[in-house]
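Text of run27.cif (mmCIF, C-alpha atoms) as supplied:
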data_coords
#
loop_
_atom_site.label_atom_id
_atom_site.label_comp_id
_atom_site.auth_asym_id
_atom_site.auth_seq_id
_atom_site.Cartn_x
_atom_site.Cartn_y
_atom_site.Cartn_z
CA MET A 1 70.87 106.10 92.56
CA ARG A 2 74.60 105.47 92.77
CA ALA A 3 75.71 102.03 91.54
CA PHE A 4 77.80 99.98 93.96
CA ASP A 5 80.50 97.47 93.03
CA LEU A 6 79.15 93.98 93.71
CA THR A 7 82.45 92.20 93.02
CA PRO A 8 83.05 89.72 95.86
CA PRO A 9 86.00 90.24 98.21
CA THR A 10 89.29 88.65 97.19
CA ASP A 11 90.64 85.83 99.36
CA ALA A 12 93.06 88.27 101.01
CA GLN A 13 90.25 90.77 101.71
CA ARG A 14 88.03 88.01 103.07
CA GLN A 15 90.79 86.84 105.44
CA GLN A 16 91.43 90.39 106.67
CA LEU A 17 87.72 91.11 107.21
CA THR A 18 87.14 87.77 108.95
CA ALA A 19 90.02 88.43 111.36
CA ALA A 20 88.31 91.67 112.46
CA LEU A 21 85.02 89.94 113.40
CA SER A 22 84.00 88.96 116.91
CA ASP A 23 83.11 85.32 117.63
CA GLU A 24 79.38 86.19 117.54
CA GLU A 25 79.75 88.05 114.23
CA ARG A 26 81.56 85.03 112.72
CA ARG A 27 78.86 82.66 114.03
CA VAL A 28 76.04 84.67 112.44
CA LEU A 29 77.62 86.15 109.30
CA LEU A 30 79.76 83.21 108.19
CA HIS A 31 77.97 80.20 109.73
CA HIS A 32 74.33 81.28 109.26
CA GLY A 33 73.59 81.67 112.96
CA THR A 34 70.87 83.77 114.59
CA GLU A 35 71.23 86.18 117.48
CA ALA A 36 68.77 86.02 120.36
CA PRO A 37 65.62 88.15 119.94
CA PHE A 38 65.24 91.55 121.64
CA CYS A 39 68.98 91.96 122.26
CA GLY A 40 70.32 93.41 119.01
CA VAL A 41 71.86 96.87 119.05
CA PHE A 42 69.78 98.06 116.07
CA LEU A 43 66.37 96.81 117.20
CA ASP A 44 65.41 100.21 118.65
CA ASN A 45 67.64 102.43 116.51
CA LYS A 46 65.59 105.44 115.38
CA ARG A 47 68.35 107.41 113.59
CA GLU A 48 68.03 108.30 109.90
CA GLY A 49 70.58 106.62 107.66
CA THR A 50 71.59 103.39 105.97
CA TYR A 51 72.19 99.90 107.34
CA THR A 52 75.20 98.27 105.71
CA CYS A 53 76.68 94.77 105.67
CA ARG A 54 78.86 94.31 108.76
CA PHE A 55 81.30 92.23 106.72
CA CYS A 56 81.82 94.19 103.48
CA GLY A 57 79.99 97.50 103.96
CA LEU A 58 77.50 97.19 101.09
CA PRO A 59 74.35 99.31 101.69
CA LEU A 60 71.46 96.96 102.48
CA PHE A 61 68.51 98.86 103.97
CA ARG A 62 67.43 102.47 104.52
CA SER A 63 66.06 103.57 107.88
CA SER A 64 62.95 104.80 106.05
CA ALA A 65 62.07 101.14 105.29
CA LYS A 66 62.45 100.00 108.92
CA PHE A 67 59.38 99.08 110.96
CA ASP A 68 58.60 97.52 114.34
CA SER A 69 57.52 93.96 113.58
CA GLY A 70 57.34 92.93 117.23
CA THR A 71 59.53 89.90 116.47
CA GLY A 72 62.63 91.04 118.38
CA TRP A 73 64.81 91.65 115.33
CA PRO A 74 65.23 94.76 113.17
CA SER A 75 62.75 94.48 110.29
CA PHE A 76 62.55 96.24 106.93
CA PHE A 77 59.92 96.15 104.19
CA ALA A 78 62.32 96.84 101.27
CA PRO A 79 66.07 96.64 100.60
CA PHE A 80 68.28 99.59 99.66
CA ASP A 81 68.58 97.96 96.22
CA GLU A 82 67.17 94.52 95.40
CA ARG A 83 70.49 93.69 93.68
CA HIS A 84 72.26 93.98 97.07
CA ILE A 85 70.32 91.08 98.61
CA GLY A 86 70.65 87.42 97.68
CA ARG A 87 67.83 85.00 98.45
CA ASN A 88 68.37 81.31 99.20
CA ARG A 89 66.02 78.48 100.10
CA ASP A 90 66.57 77.49 103.74
CA SER A 91 65.03 74.20 104.88
CA SER A 92 66.79 74.00 108.25
CA TYR A 93 64.86 73.48 111.49
CA GLY A 94 62.10 71.48 109.76
CA MET A 95 60.62 74.46 107.87
CA VAL A 96 61.14 76.19 104.55
CA ARG A 97 62.19 79.83 104.72
CA THR A 98 63.97 82.30 102.47
CA GLU A 99 67.40 83.24 103.77
CA ILE A 100 68.77 86.64 102.79
CA VAL A 101 72.49 87.20 102.29
CA CYS A 102 74.66 90.08 101.18
CA ALA A 103 74.90 89.84 97.39
CA ARG A 104 78.53 90.98 97.41
CA CYS A 105 80.13 88.87 100.14
CA GLY A 106 77.50 86.17 100.82
CA SER A 107 77.27 86.91 104.55
CA HIS A 108 74.11 85.72 106.31
CA LEU A 109 71.76 88.57 107.19
CA GLY A 110 68.53 86.88 108.26
CA HIS A 111 65.31 85.80 106.54
CA VAL A 112 62.49 87.38 104.55
CA PHE A 113 58.82 86.56 105.13
CA PRO A 114 55.64 87.47 103.20
CA ASP A 115 53.92 89.13 106.19
CA GLY A 116 55.28 92.68 106.08
CA PRO A 117 53.53 96.00 105.51
CA PRO A 118 52.67 97.58 102.16
CA PRO A 119 53.89 98.31 99.61
CA THR A 120 56.04 95.14 99.42
CA HIS A 121 54.30 93.00 102.07
CA GLU A 122 57.76 91.64 102.92
CA ARG A 123 59.40 91.48 106.34
CA HIS A 124 63.17 91.32 106.04
CA CYS A 125 64.05 90.10 109.53
CA LEU A 126 67.73 90.90 110.23
CA ASN A 127 70.33 90.07 112.84
CA SER A 128 71.75 93.31 114.28
CA VAL A 129 75.16 91.64 114.41
CA SER A 130 75.01 91.31 110.59
CA LEU A 131 74.69 95.08 110.21
CA ASP A 132 76.49 98.37 110.66
CA PHE A 133 74.80 101.74 110.53
CA THR A 134 75.82 104.92 108.70
CA GLY A 135 73.99 108.07 109.74
CA GLU A 136 72.46 110.33 107.11
CA GLY A 137 75.12 112.67 105.67
CA GLU A 138 78.02 110.43 106.80
CA PRO A 139 80.28 108.62 104.29
CA LEU A 140 79.50 104.98 103.63
CA PRO A 141 82.20 102.49 104.66
CA ASP A 142 84.53 101.05 102.02
CA ARG A 143 85.79 97.89 103.68
CA LEU A 144 87.07 96.41 100.43
CA ARG A 145 89.26 99.47 99.70
CA ARG A 146 89.22 99.11 95.94
CA GLY A 147 90.72 102.55 95.53
CA GLY A 148 88.88 105.83 95.28
CA PRO A 149 87.15 107.66 98.12
CA GLU A 150 86.28 106.04 101.45
CA GLY A 151 82.62 106.60 100.74
CA GLU A 152 80.19 109.25 99.74
CA PRO A 153 77.88 111.12 102.06
CA LEU A 154 74.29 109.97 101.89
CA SER A 155 71.74 112.58 100.92
#
Reformat the file's structure so that it appears as structure tokens.
Amino acid sequence: MRAFDLTPPTDAQRQQLTAALSDEERRVLLHHGTEAPFCGVFLDNKREGTYTCRFCGLPLFRSSAKFDSGTGWPSFFAPFDERHIGRNRDSSYGMVRTEIVCARCGSHLGHVFPDGPPPTHERHCLNSVSLDFTGEGEPLPDRLRRGGPEGEPLS
């Protein structure tokens, strides 16, 4: 597996990426919001490929780990690489949950619950607005432009 640079964006990169976000993307990614259920663009996506962070482009989940949880949000049983996901205790709304964030940029992705399918028994419940999608064989995005190629095709 290819290793990805997990160095956080610089202040200048963060400002540039933030300026390119819609109001809804800012609300969810930067202010830990949640999109309404059953409306996200990736809920019914059946294409093969990789879901990446909408903010920085880090690969987060493979389509092969996606499943229909019936909750109204795209759900995955395992991340692309566990190092790409940060987990934080979230005690908002009078309950304790585990928030998941992009390990590189800290953007809010959703929550993870212990009621998913085997083999992990985890349900990573994501906001579509927190994600982008790269089809199989297409180059991954390089939003931080640290030099080098734009991305490598997924095989």
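Picked by the PyMOL selection byres ((chain A and resi 54-61) around 6) from the coordinates shown: Thr50, Tyr51, Thr52, Cys53, Arg62, Pro79, Phe80, Ser130, Leu131, Asp132, Pro141 and Arg143 of chain A.
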Query raised in the report: Can you find the residues with an atom no farther than 12 Å from (72.8, 89.6, 118.9), counting all atoms listed in the file, and report them as a PyMOL selection string?
Result: chain A and resi 22-29+33-43+72-74+109-110+126-131
Requested in this report: Could you please determine the separation between atom CA of A:Ala12 and atom CA of A:His31 in Å, to one decimal place?
Outcome: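 Atom CA of A:Ala12 sits 19.2 Å away from atom CA of A:His31.
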Requested in this report: Between A:Asp68, A:Phe77, A:Ala20, A:Arg14, single out the one closest to A:His121, counting only C-alpha atoms.
Outcome: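 Nearest to A:His121: A:Phe77.
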Report summary line: For A:Arg83, the closest of A:Lys46, A:Phe67, A:Asp115, A:Arg104 counting all atoms listed in the file is A:Arg104
Query raised in the report: Using the chain letters and numbers from the file, which residues does the PyMOL selection byres ((chain A and resi 13) around 12) grab, as a PyMOL selection string?
Result: chain A and resi 7-12+14-20+55-56+105+142-146
Query raised in the report: Which value, in Å to one decimal, gives the distance between atom CA of A:Leu140 and atom CA of A:Leu30?
Result: 22.2 Å
Query - Selection under test: the PyMOL selection byres ((chain A and resi 103) around 8); residues as a PyMOL selection string - result: chain A and resi 6+83-86+101-102+104-106
File dump, residues just selected, C-alpha atoms, as a PDB file, keeping the file's coordinate frame:
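Just written: part-v2.pdb:
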ATOM      1  CA  LEU A   6      79.150  93.980  93.710  1.00  0.00           C
ATOM      2  CA  ARG A  83      70.490  93.690  93.680  1.00  0.00           C
ATOM      3  CA  HIS A  84      72.260  93.980  97.070  1.00  0.00           C
ATOM      4  CA  ILE A  85      70.320  91.080  98.610  1.00  0.00           C
ATOM      5  CA  GLY A  86      70.650  87.420  97.680  1.00  0.00           C
ATOM      6  CA  VAL A 101      72.490  87.200 102.290  1.00  0.00           C
ATOM      7  CA  CYS A 102      74.660  90.080 101.180  1.00  0.00           C
ATOM      8  CA  ARG A 104      78.530  90.980  97.410  1.00  0.00           C
ATOM      9  CA  CYS A 105      80.130  88.870 100.140  1.00  0.00           C
ATOM     10  CA  GLY A 106      77.500  86.170 100.820  1.00  0.00           C
TER      11      GLY A 106
END
